[in-house]
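Asks: Pasting input30.cif here (mmCIF, C-alpha atoms and all ligand atoms):
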data_start
loop_
_atom_site.label_atom_id
_atom_site.label_comp_id
_atom_site.auth_asym_id
_atom_site.auth_seq_id
_atom_site.Cartn_x
_atom_site.Cartn_y
_atom_site.Cartn_z
CA MET A 1 11.16 43.80 3.99
CA VAL A 2 14.87 44.54 3.80
CA ASN A 3 17.09 41.53 3.56
CA ALA A 4 20.23 42.01 5.64
CA SER A 5 21.11 38.35 5.40
CA LYS A 6 24.74 37.39 5.04
CA PRO A 7 25.94 34.04 3.81
CA HIS A 8 25.54 31.49 6.58
CA PRO A 9 28.71 31.67 8.64
CA HIS A 10 28.44 28.06 9.82
CA PRO A 11 28.18 25.17 7.41
CA PRO A 12 25.15 23.03 8.24
CA THR A 13 26.07 20.00 10.30
CA PRO A 14 23.99 16.96 11.16
CA PRO A 15 21.86 17.10 14.30
CA SER A 16 23.77 16.80 17.54
CA PRO A 17 24.47 13.15 18.41
CA ALA A 18 24.32 14.05 22.10
CA GLY A 19 21.49 11.64 22.97
CA PRO A 20 17.74 11.46 22.58
CA PRO A 21 15.86 14.76 22.19
CA PRO A 22 14.29 16.13 25.35
CA THR A 23 10.74 15.45 26.38
CA THR A 24 8.45 18.41 26.89
CA ARG A 25 9.04 18.22 30.64
CA GLN A 26 12.83 18.14 30.15
CA ALA A 27 12.67 21.12 27.78
CA VAL A 28 10.86 23.11 30.47
CA ASP A 29 13.44 22.11 33.06
CA THR A 30 16.35 23.01 30.77
CA PHE A 31 14.85 26.42 30.06
CA THR A 32 13.98 27.33 33.62
CA GLY A 33 17.22 25.83 34.98
CA PHE A 34 19.29 27.90 32.55
CA PHE A 35 17.72 31.16 33.67
CA ARG A 36 17.66 30.22 37.34
CA GLU A 37 21.43 29.68 37.14
CA ARG A 38 21.61 33.23 35.84
CA GLY A 39 19.76 34.78 38.75
CA HIS A 40 16.15 34.56 37.51
CA ARG A 41 13.47 33.74 40.08
CA PRO A 42 10.63 31.47 38.95
CA VAL A 43 7.21 33.11 38.75
CA PRO A 44 4.24 30.74 39.05
CA GLY A 45 2.06 30.50 35.95
CA ALA A 46 -1.24 32.39 36.16
CA SER A 47 -4.77 31.36 35.16
CA LEU A 48 -5.94 31.84 31.58
CA VAL A 49 -8.68 34.03 33.03
CA ARG A 50 -7.63 37.64 33.52
CA PRO A 51 -8.80 39.53 36.61
CA PRO A 52 -11.68 42.02 36.26
CA GLY A 53 -10.60 45.26 34.62
CA ASP A 54 -8.23 43.61 32.15
CA PRO A 55 -9.64 44.36 28.70
CA VAL A 56 -8.34 41.06 27.30
CA LEU A 57 -10.47 37.94 27.82
CA PHE A 58 -7.64 35.44 28.19
CA THR A 59 -3.93 35.44 28.94
CA THR A 60 -2.41 35.59 25.47
CA SER A 61 1.27 35.84 26.24
CA GLY A 62 3.71 34.97 29.01
CA MET A 63 4.26 38.65 29.76
CA HIS A 64 0.57 39.40 30.14
CA PRO A 65 0.35 38.87 33.93
CA LEU A 66 3.58 40.87 34.29
CA THR A 67 2.36 43.97 32.45
CA PRO A 68 2.44 46.36 35.48
CA TYR A 69 5.98 45.24 36.30
CA LEU A 70 7.19 45.75 32.75
CA GLU A 71 5.71 49.24 33.05
CA GLY A 72 7.84 49.98 36.10
CA ARG A 73 6.16 48.63 39.25
CA PRO A 74 8.73 46.71 41.38
CA HIS A 75 8.12 42.96 41.32
CA PRO A 76 8.26 41.22 44.73
CA LEU A 77 10.60 38.54 43.31
CA GLY A 78 13.11 40.98 41.85
CA ARG A 79 14.25 42.12 38.45
CA ARG A 80 15.05 38.78 36.78
CA LEU A 81 12.21 36.34 36.32
CA VAL A 82 11.57 33.09 34.50
CA GLY A 83 8.33 31.18 34.02
CA VAL A 84 5.99 29.01 32.00
CA GLN A 85 2.58 30.47 31.25
CA ARG A 86 -0.46 28.86 29.68
CA CYS A 87 -1.89 31.09 26.98
CA LEU A 88 -4.92 31.08 24.71
CA ARG A 89 -5.05 32.75 21.34
CA THR A 90 -8.29 32.85 19.40
CA THR A 91 -6.85 34.74 16.45
CA ASP A 92 -5.50 31.41 15.23
CA LEU A 93 -8.77 29.47 15.71
CA GLU A 94 -9.40 29.10 12.00
CA GLU A 95 -5.89 27.75 11.48
CA VAL A 96 -6.16 25.00 14.07
CA GLY A 97 -6.05 21.66 12.36
CA ASP A 98 -2.86 22.58 10.54
CA LEU A 99 0.48 21.34 11.80
CA THR A 100 1.63 24.14 14.08
CA HIS A 101 -1.30 26.07 15.57
CA LEU A 102 -2.72 25.44 19.00
CA THR A 103 -5.48 27.28 20.81
CA VAL A 104 -4.10 26.72 24.31
CA PHE A 105 -0.34 26.56 24.38
CA GLU A 106 2.46 27.21 26.83
CA MET A 107 5.00 29.94 26.66
CA LEU A 108 8.42 29.76 28.22
CA GLY A 109 9.46 33.25 29.29
CA SER A 110 12.37 35.18 30.73
CA TRP A 111 12.19 38.76 31.88
CA SER A 112 14.54 41.57 32.74
CA LEU A 113 12.64 44.25 34.63
CA GLY A 114 14.99 47.20 34.18
CA ASP A 115 18.00 44.93 34.66
CA TYR A 116 20.06 43.62 31.69
CA GLY A 117 19.40 44.69 28.12
CA THR A 118 19.09 43.47 24.55
CA ARG A 119 22.60 42.20 24.00
CA GLN A 120 22.64 40.03 27.11
CA SER A 121 19.21 38.60 26.38
CA LEU A 122 20.11 37.63 22.82
CA ARG A 123 23.45 36.17 23.90
CA TRP A 124 21.75 34.00 26.51
CA GLY A 125 19.12 33.05 23.97
CA HIS A 126 21.80 31.86 21.58
CA GLU A 127 23.70 30.07 24.34
CA LEU A 128 20.63 28.19 25.50
CA LEU A 129 19.50 27.12 22.03
CA VAL A 130 22.95 25.97 21.00
CA GLY A 131 24.52 24.80 24.26
CA GLY A 132 21.41 23.81 26.22
CA PHE A 133 19.19 22.39 23.48
CA GLY A 134 21.93 21.29 21.06
CA ILE A 135 20.66 23.19 18.02
CA GLU A 136 23.38 23.60 15.41
CA PRO A 137 24.33 27.31 15.21
CA GLY A 138 24.08 27.14 11.39
CA ARG A 139 20.35 26.36 11.72
CA LEU A 140 19.62 29.74 13.35
CA HIS A 141 18.41 32.93 11.72
CA ALA A 142 17.19 36.13 13.35
CA THR A 143 14.86 38.92 12.35
CA VAL A 144 15.27 42.46 13.65
CA PHE A 145 13.12 45.62 13.61
CA GLY A 146 14.20 47.64 10.58
CA GLY A 147 12.64 50.96 11.62
CA ASP A 148 9.47 52.79 10.63
CA ASP A 149 8.27 56.37 10.35
CA GLN A 150 8.46 56.82 14.15
CA LEU A 151 11.63 54.95 15.09
CA GLY A 152 14.96 53.94 13.58
CA PRO A 153 16.19 50.37 13.15
CA ASP A 154 17.11 48.26 16.17
CA THR A 155 20.87 48.52 15.77
CA GLU A 156 21.58 46.99 19.19
CA SER A 157 19.99 43.67 18.25
CA LEU A 158 21.65 43.76 14.86
CA ALA A 159 25.08 44.25 16.49
CA ALA A 160 24.42 41.44 18.99
CA TRP A 161 23.54 38.98 16.20
CA HIS A 162 26.56 40.01 14.16
CA GLU A 163 28.79 39.29 17.14
CA LEU A 164 27.20 35.86 17.41
CA GLY A 165 27.49 35.19 13.68
CA VAL A 166 23.75 34.75 13.20
CA PRO A 167 22.30 36.02 9.90
CA VAL A 168 19.67 38.73 10.20
CA GLU A 169 16.65 39.81 8.22
CA PHE A 170 15.02 43.19 8.84
CA THR A 171 11.25 43.58 8.99
CA ARG A 172 8.85 46.27 10.20
CA GLU A 173 5.49 45.12 11.60
CA ASP A 174 6.68 41.57 12.24
CA ASN A 175 9.35 42.88 14.58
CA TRP A 176 7.25 45.18 16.70
CA TRP A 177 5.49 43.70 19.68
CA SER A 178 2.59 44.90 21.81
CA ASN A 179 -0.08 43.07 23.73
CA GLY A 180 -2.89 45.26 22.45
CA PRO A 181 -3.52 48.72 21.05
CA THR A 182 -2.19 50.41 24.22
CA GLY A 183 0.37 49.45 26.87
CA PRO A 184 4.01 48.39 26.92
CA CYS A 185 5.58 47.63 23.57
CA GLY A 186 8.80 47.74 21.66
CA PRO A 187 10.91 46.34 18.87
CA ASP A 188 11.57 42.63 18.99
CA SER A 189 14.00 40.17 17.56
CA GLU A 190 12.75 36.72 16.60
CA ILE A 191 14.89 33.61 16.43
CA PHE A 192 14.13 31.03 13.76
CA VAL A 193 15.37 27.46 13.41
CA TRP A 194 15.81 25.76 10.05
CA THR A 195 13.65 22.64 9.77
CA GLY A 196 14.31 21.67 6.14
CA ASP A 197 15.87 18.40 4.98
CA VAL A 198 18.39 20.28 2.90
CA PRO A 199 21.03 22.73 4.16
CA PRO A 200 19.61 26.05 5.41
CA HIS A 201 19.08 28.71 2.81
CA GLY A 202 16.91 31.76 2.20
CA THR A 203 15.48 33.84 5.03
CA PRO A 204 12.50 33.49 7.41
CA GLY A 205 10.53 35.88 5.21
CA SER A 206 11.14 33.86 2.07
CA ASP A 207 11.14 30.23 3.24
CA ASP A 208 8.73 28.82 5.81
CA ARG A 209 11.06 26.00 6.71
CA TRP A 210 12.52 28.65 9.01
CA VAL A 211 10.31 28.16 12.06
CA GLU A 212 10.06 30.93 14.63
CA VAL A 213 10.79 29.67 18.12
CA TRP A 214 11.72 32.58 20.35
CA ASN A 215 10.81 36.21 20.53
CA HIS A 216 12.89 38.74 22.47
CA VAL A 217 11.00 42.01 22.98
CA MET A 218 12.84 45.15 24.00
CA MET A 219 10.13 46.68 26.19
CA ARG A 220 10.96 50.35 25.87
CA TYR A 221 7.74 52.24 25.21
CA HIS A 222 4.19 52.70 26.36
CA ARG A 223 1.64 53.33 23.64
CA SER A 224 -1.19 55.66 24.67
CA GLU A 225 -4.77 55.83 23.40
CA ASP A 226 -3.83 58.49 20.84
CA GLY A 227 -1.21 56.17 19.34
CA SER A 228 1.79 58.14 20.64
CA LEU A 229 4.79 56.40 22.19
CA ARG A 230 6.49 57.48 25.39
CA PRO A 231 9.61 55.83 26.77
CA LEU A 232 9.02 53.58 29.78
CA PRO A 233 10.68 54.63 33.04
CA GLN A 234 12.76 51.46 32.85
CA ARG A 235 13.94 49.41 29.90
CA GLY A 236 13.01 45.77 30.10
CA VAL A 237 13.29 42.61 28.06
CA ASP A 238 10.40 40.18 27.66
CA THR A 239 11.11 36.92 25.92
CA GLY A 240 8.64 34.25 24.95
CA MET A 241 9.15 30.85 23.36
CA GLY A 242 6.24 28.60 22.40
CA LEU A 243 6.97 25.39 24.28
CA GLU A 244 5.24 22.96 21.95
CA ARG A 245 6.85 24.45 18.87
CA LEU A 246 10.29 24.34 20.46
CA VAL A 247 9.79 20.69 21.37
CA MET A 248 8.54 19.96 17.85
CA VAL A 249 11.82 21.33 16.47
CA LEU A 250 13.94 19.53 19.08
CA GLN A 251 12.14 16.23 18.54
CA GLY A 252 12.45 16.65 14.76
CA ARG A 253 8.66 16.47 14.19
CA ARG A 254 6.70 18.13 11.44
CA SER A 255 3.76 18.89 13.69
CA VAL A 256 3.25 20.06 17.26
CA PHE A 257 0.69 17.26 17.55
CA ASP A 258 3.45 14.69 17.06
CA ILE A 259 5.37 15.61 20.22
CA ASP A 260 5.23 13.52 23.39
CA LEU A 261 2.79 15.93 25.05
CA PHE A 262 0.03 15.12 22.56
CA GLU A 263 0.78 11.44 22.25
CA PRO A 264 -2.12 10.25 24.46
CA TRP A 265 -4.61 12.42 22.53
CA MET A 266 -3.32 11.50 19.08
CA ARG A 267 -3.17 7.82 19.91
CA THR A 268 -6.71 7.72 21.26
CA LEU A 269 -8.89 10.05 19.18
CA PRO A 270 -8.37 8.82 15.60
CA GLU A 271 -9.23 5.29 16.75
CA LEU A 272 -12.15 6.33 18.90
CA TRP A 273 -13.90 8.39 16.22
CA ARG A 274 -12.11 7.31 13.01
CA LEU A 275 -10.79 10.81 12.27
CA ASP A 276 -8.34 11.85 9.55
CA GLY A 277 -5.24 13.96 10.26
CA PRO A 278 -6.74 17.50 10.22
CA GLN A 279 -9.86 16.30 12.07
CA SER A 280 -7.77 14.59 14.76
CA ARG A 281 -5.69 17.71 15.22
CA LEU A 282 -8.72 19.98 15.47
CA VAL A 283 -10.57 17.70 17.87
CA ALA A 284 -7.48 17.13 20.04
CA ASP A 285 -6.63 20.83 20.17
CA HIS A 286 -10.16 22.02 20.89
CA LEU A 287 -11.05 19.38 23.47
CA ARG A 288 -7.76 19.77 25.27
CA SER A 289 -8.12 23.58 25.17
CA ALA A 290 -11.73 23.35 26.34
CA ALA A 291 -10.63 21.18 29.28
CA VAL A 292 -8.04 23.77 30.33
CA VAL A 293 -10.48 26.66 29.95
CA ILE A 294 -13.11 24.81 32.00
CA GLY A 295 -10.36 23.92 34.48
CA ASP A 296 -9.78 27.66 34.92
CA GLY A 297 -13.44 28.12 35.84
CA VAL A 298 -15.09 29.17 32.56
CA LEU A 299 -18.51 27.85 31.50
CA PRO A 300 -20.04 27.99 28.01
CA ALA A 301 -21.98 31.19 27.39
CA SER A 302 -23.26 33.34 24.58
CA ASN A 303 -20.60 36.00 24.98
CA GLY A 304 -17.10 36.70 26.28
CA ARG A 305 -14.89 33.85 27.47
CA GLY A 306 -17.79 31.46 27.65
CA TYR A 307 -18.48 32.04 23.98
CA VAL A 308 -14.92 31.11 23.07
CA LEU A 309 -15.38 27.89 25.02
CA ARG A 310 -18.74 27.26 23.35
CA ARG A 311 -17.20 27.71 19.90
CA LEU A 312 -14.44 25.25 20.74
CA VAL A 313 -16.89 22.57 21.84
CA ARG A 314 -19.30 23.19 18.98
CA ARG A 315 -16.55 23.04 16.38
CA VAL A 316 -15.59 19.65 17.78
CA LEU A 317 -19.18 18.44 17.66
CA THR A 318 -19.68 19.78 14.14
CA THR A 319 -16.60 17.85 13.04
CA LEU A 320 -17.68 14.66 14.79
CA TRP A 321 -21.30 14.76 13.68
CA ARG A 322 -20.52 15.51 10.06
CA ASP A 323 -19.57 11.84 9.64
CA ASP A 324 -21.65 10.23 12.37
CA PRO A 325 -24.34 12.04 14.38
CA ALA A 326 -24.31 9.28 17.00
CA ARG A 327 -20.87 10.26 18.29
CA THR A 328 -20.81 11.72 21.78
CA LEU A 329 -18.30 13.42 24.03
CA GLY A 330 -19.44 10.95 26.65
CA ASP A 331 -17.00 8.52 24.98
CA LEU A 332 -14.00 10.76 25.62
CA PRO A 333 -11.73 8.85 28.01
CA GLU A 334 -11.49 10.63 31.34
CA SER A 335 -7.75 9.90 31.46
CA LEU A 336 -7.13 12.43 28.64
CA VAL A 337 -8.85 15.20 30.58
CA ALA A 338 -7.26 14.13 33.85
CA GLY A 339 -3.77 14.10 32.28
CA THR A 340 -4.28 17.57 30.86
CA LEU A 341 -5.61 19.10 34.08
CA ASP A 342 -2.72 17.49 35.90
CA HIS A 343 -0.19 18.84 33.40
CA PHE A 344 -1.48 22.36 34.01
CA GLY A 345 -1.71 21.88 37.78
CA GLN A 346 -5.46 22.55 37.77
CA GLN A 347 -7.56 21.39 40.70
CA CYS A 348 -10.86 20.96 38.84
CA PRO A 349 -12.08 17.31 38.95
CA PRO A 350 -12.11 15.66 35.49
CA ALA A 351 -15.72 14.60 36.04
CA ALA A 352 -16.73 18.26 36.30
CA VAL A 353 -15.14 18.96 32.90
CA ARG A 354 -16.99 16.02 31.42
CA GLU A 355 -20.27 17.31 32.82
CA VAL A 356 -19.76 20.73 31.23
CA LEU A 357 -18.88 19.15 27.88
CA LEU A 358 -21.92 16.86 27.93
CA ASP A 359 -24.21 19.66 28.97
CA GLU A 360 -23.01 21.76 26.03
CA GLU A 361 -23.38 18.79 23.68
CA CYS A 362 -26.99 18.38 24.79
CA ARG A 363 -27.72 22.07 24.33
CA PHE A 364 -26.14 22.10 20.86
CA ALA A 365 -28.02 18.99 19.77
CA GLY A 366 -31.29 20.61 20.88
CA MET A 367 -30.45 23.75 18.99
CA LEU A 368 -29.64 21.83 15.82
CA ASP A 369 -32.98 20.03 16.03
CA ARG A 370 -34.84 23.26 16.47
CA GLY A 371 -32.85 24.87 13.65
CA ARG A 372 -33.57 22.02 11.26
CA ARG A 373 -37.30 22.29 11.92
CA LEU A 374 -37.24 26.06 11.40
CA LEU A 375 -35.23 25.93 8.21
CA ALA A 376 -37.61 23.34 6.79
CA ARG A 377 -40.33 26.02 6.67
CA PRO A 378 -41.25 27.16 3.14
CA ARG A 379 -40.01 30.70 3.90
CA PHE A 380 -36.43 29.42 4.03
CA SER A 381 -36.53 27.01 1.11
CA GLY A 382 -34.63 29.35 -1.22
CA PRO A 383 -31.39 31.26 -0.73
CA LEU A 384 -31.28 33.34 2.47
CA ASP A 385 -30.67 37.07 2.56
CA GLU A 386 -29.39 39.27 5.39
CA GLU A 387 -32.91 39.88 6.67
CA ASP A 388 -33.46 36.11 7.02
CA TYR A 389 -30.20 35.74 8.90
CA HIS A 390 -31.16 38.60 11.24
CA TYR A 391 -34.61 37.18 11.81
CA LEU A 392 -33.28 33.69 12.55
CA HIS A 393 -30.70 35.13 14.90
CA ASP A 394 -32.77 37.76 16.69
CA THR A 395 -36.03 35.84 16.96
CA HIS A 396 -34.81 32.26 17.22
CA GLY A 397 -31.27 32.64 18.51
CA LEU A 398 -29.72 30.80 15.55
CA PRO A 399 -26.25 32.14 14.79
CA ARG A 400 -25.18 32.45 11.18
CA GLU A 401 -22.55 29.74 11.46
CA LEU A 402 -25.17 27.29 12.66
CA ILE A 403 -27.58 28.20 9.87
CA ASP A 404 -24.81 27.69 7.35
CA LEU A 405 -24.04 24.36 8.92
CA LEU A 406 -27.63 23.23 8.56
CA ARG A 407 -27.85 24.50 5.01
CA PRO A 408 -24.81 23.06 3.30
CA GLU A 409 -24.66 25.52 0.42
CA PRO A 410 -26.37 28.75 1.41
CA VAL A 411 -26.31 31.34 -1.34
CA ALA A 412 -26.88 34.96 -0.36
CA ARG A 413 -29.74 36.56 -2.23
CA GLY A 414 -29.60 39.96 -3.90
N1 LIG B 501 5.49 38.92 24.47
C1 LIG B 501 6.22 38.32 23.39
C2 LIG B 501 5.38 37.29 22.66
O1 LIG B 501 4.35 36.91 23.13
C3 LIG B 501 7.47 37.68 23.92
O2 LIG B 501 7.19 37.01 25.09
O3 LIG B 501 5.78 36.88 21.61
#
Please, can you express the file's structure as structure tokens?
Ligand code: SER

Replies:
Amino acid sequence: MVNASKPHPHPPTPPSPAGPPPTTRQAVDTFTGFFRERGHRPVPGASLVRPPGDPVLFTTSGMHPLTPYLEGRPHPLGRRLVGVQRCLRTTDLEEVGDLTHLTVFEMLGSWSLGDYGTRQSLRWGHELLVGGFGIEPGRLHATVFGGDDQLGPDTESLAAWHELGVPVEFTREDNWWSNGPTGPCGPDSEIFVWTGDVPPHGTPGSDDRWVEVWNHVMMRYHRSEDGSLRPLPQRGVDTGMGLERLVMVLQGRRSVFDIDLFEPWMRTLPELWRLDGPQSRLVADHLRSAAVVIGDGVLPASNGRGYVLRRLVRRVLTTLWRDDPARTLGDLPESLVAGTLDHFGQQCPPAAVREVLLDEECRFAGMLDRGRRLLARPRFSGPLDEEDYHYLHDTHGLPRELIDLLRPEPVARG
């Protein structure tokens, strides 16, 4: 990583006294209003479920439903778009429970489909963060693609940030964006906001109090199966800002779970099931995500999307039952599910979500019972080896994670 940071041009100043921080809803309105005033047409958010033929199980980024248009197909609404898209990322599943990771989250996005370029996008980004959201300019830092063995550094973004007086750090992999091994891609520039209690210092790569909020991707290439890059027929810009993380920064919270959006969940769950901080965050994230996934028509299954849903629900149950096996999702207040479905504009009745959750709970409880009986057999009294795991999986349908759950300290043999 090359550090192109300059001393911070703006001395840190206290947070803007311009009034209370925005709610999540107000942050969305400020974002979309800003881009609408600049000629962007709102695109409705799409389902998390991708249409047949899309190799990706879920929508993982705001640009995902716009892929053909970023590749050159004319969009019916024009060349400047703005939107809010629900996304699901399973790569972060193990990290959920910490302060900043969510399984289902929302992404604010703006797009130039062969219209304006890098400089304009970064200038508007800066204007919105500083003027629209009241973030002190001295709390901003950018990262820029520093070049690799195929391409040179992104000098356009670097020049734009220099004009704006924002310090820059160069990286390689962290500043290259693609939505998969093939398809549209390009260098990106990420904007970070300082969240420390002391004046900003260091760089995003060296101090994690710099929190990434907004990614501006210069969509310039298509990557083919053989790994080669060809320039796209039109140059576009795809920006994406994680809504919850932005609001966390604006509301001065340490965790995304402490913003207004999660308040009903975080007020209710710890009391209901006497959960500690990480448990509350995991249970809130997974149940809320499960509700949205079910709301988009997915049912638990042993593979694909349904398996992601199943894992979410089973991780919740594992967490709940570790302390008290009598806990049940039947106690989950319907208002939490209803509020979430409403927030995402989903038509699915809350009672239907509850039914799916309870059905999965019943199935999982049955499986645990069966697993316990099986693992009590003399054959499995000692440490398990790979053959045991295969046998238990192939013959009895017990996945490894479940076996490990039922045997607190499994030790692999041989
Ligand atoms: N596609 C980029 C991202 O998801 C910017 O929207 O980060």

Asks: Which residues are near ligand LIG 501 (chain B) in this structure, taking near to mean any atom at most 9 Å from a ligand atom and counting all atoms listed in the file? Format them as a PyMOL selection string.

Replies: chain A and resi 60-64+107-111+177-179+185+188+190+214-217+237-242

Asks: So, counting only C-alpha atoms, which residue among A:Thr318, A:Thr328, A:Ser302, A:Gln251 is closest to A:Gln26?

Replies: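 Once distances to A:Gln26 are computed over only C-alpha atoms, the minimum belongs to A:Gln251.
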
Asks: Which one of A:Val166, A:Val356, A:Asp323, A:Arg80 sits closest to A:Gly306 if you count all atoms listed in the file?

Replies: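 Comparing A:Val166, A:Val356, A:Asp323, A:Arg80 against A:Gly306, the winner is A:Val356.
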
Asks: Which distance in Å separates atom CA of A:Gly131 and atom CA of A:Met218, to one decimal?

Replies: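 About the pair atom CA of A:Gly131 and atom CA of A:Met218: they are 23.5 Å apart.
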
Asks: From the set A:Val193, A:Val144, A:Val298, A:Val84, which residue has the shortest atom-to-atom contact distance to A:Ala159, counting all atoms listed in the file?

Replies: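 Among A:Val193, A:Val144, A:Val298, A:Val84, it is A:Val144 that comes nearest to A:Ala159.
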
Asks: For A:His343, work out the shell of residues within 10 Å, counting all atoms listed in the file and skipping chain neighbours fewer than 3 positions away, then give it as a PyMOL selection string.

Replies: chain A and resi 25+261+292+337-340+346

Asks: Since the input has fewer atoms than a full residue there, write stretch 72-85 of chain A out with N, CA and C atoms, as a PDB file, keeping the file's coordinate frame.

Replies:
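Saved file result.pdb follows:
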ATOM      1  N   GLY A  72       7.048  49.274  35.103  1.00  0.00           N
ATOM      2  CA  GLY A  72       7.840  49.980  36.100  1.00  0.00           C
ATOM      3  C   GLY A  72       7.559  49.633  37.553  1.00  0.00           C
ATOM      4  N   ARG A  73       6.432  48.964  37.847  1.00  0.00           N
ATOM      5  CA  ARG A  73       6.160  48.630  39.250  1.00  0.00           C
ATOM      6  C   ARG A  73       7.171  47.571  39.724  1.00  0.00           C
ATOM      7  N   PRO A  74       7.762  47.723  40.925  1.00  0.00           N
ATOM      8  CA  PRO A  74       8.730  46.710  41.380  1.00  0.00           C
ATOM      9  C   PRO A  74       8.051  45.359  41.607  1.00  0.00           C
ATOM     10  N   HIS A  75       8.671  44.303  41.125  1.00  0.00           N
ATOM     11  CA  HIS A  75       8.120  42.960  41.320  1.00  0.00           C
ATOM     12  C   HIS A  75       8.656  42.386  42.624  1.00  0.00           C
ATOM     13  N   PRO A  76       7.786  41.734  43.434  1.00  0.00           N
ATOM     14  CA  PRO A  76       8.260  41.220  44.730  1.00  0.00           C
ATOM     15  C   PRO A  76       9.407  40.218  44.602  1.00  0.00           C
ATOM     16  N   LEU A  77       9.529  39.545  43.451  1.00  0.00           N
ATOM     17  CA  LEU A  77      10.600  38.540  43.310  1.00  0.00           C
ATOM     18  C   LEU A  77      11.871  39.111  42.691  1.00  0.00           C
ATOM     19  N   GLY A  78      11.879  40.373  42.358  1.00  0.00           N
ATOM     20  CA  GLY A  78      13.110  40.980  41.850  1.00  0.00           C
ATOM     21  C   GLY A  78      13.032  41.355  40.385  1.00  0.00           C
ATOM     22  N   ARG A  79      14.216  41.545  39.794  1.00  0.00           N
ATOM     23  CA  ARG A  79      14.250  42.120  38.450  1.00  0.00           C
ATOM     24  C   ARG A  79      14.593  41.100  37.356  1.00  0.00           C
ATOM     25  N   ARG A  80      14.818  39.843  37.771  1.00  0.00           N
ATOM     26  CA  ARG A  80      15.050  38.780  36.780  1.00  0.00           C
ATOM     27  C   ARG A  80      14.076  37.645  37.055  1.00  0.00           C
ATOM     28  N   LEU A  81      13.241  37.355  36.104  1.00  0.00           N
ATOM     29  CA  LEU A  81      12.210  36.340  36.320  1.00  0.00           C
ATOM     30  C   LEU A  81      12.218  35.315  35.185  1.00  0.00           C
ATOM     31  N   VAL A  82      11.742  34.128  35.513  1.00  0.00           N
ATOM     32  CA  VAL A  82      11.570  33.090  34.500  1.00  0.00           C
ATOM     33  C   VAL A  82      10.252  32.377  34.790  1.00  0.00           C
ATOM     34  N   GLY A  83       9.593  31.867  33.756  1.00  0.00           N
ATOM     35  CA  GLY A  83       8.330  31.180  34.020  1.00  0.00           C
ATOM     36  C   GLY A  83       7.793  30.446  32.802  1.00  0.00           C
ATOM     37  N   VAL A  84       6.722  29.713  33.059  1.00  0.00           N
ATOM     38  CA  VAL A  84       5.990  29.010  32.000  1.00  0.00           C
ATOM     39  C   VAL A  84       4.531  29.418  32.175  1.00  0.00           C
ATOM     40  N   GLN A  85       3.939  29.933  31.131  1.00  0.00           N
ATOM     41  CA  GLN A  85       2.580  30.470  31.250  1.00  0.00           C
ATOM     42  C   GLN A  85       1.662  29.845  30.217  1.00  0.00           C
TER      43      GLN A  85
END
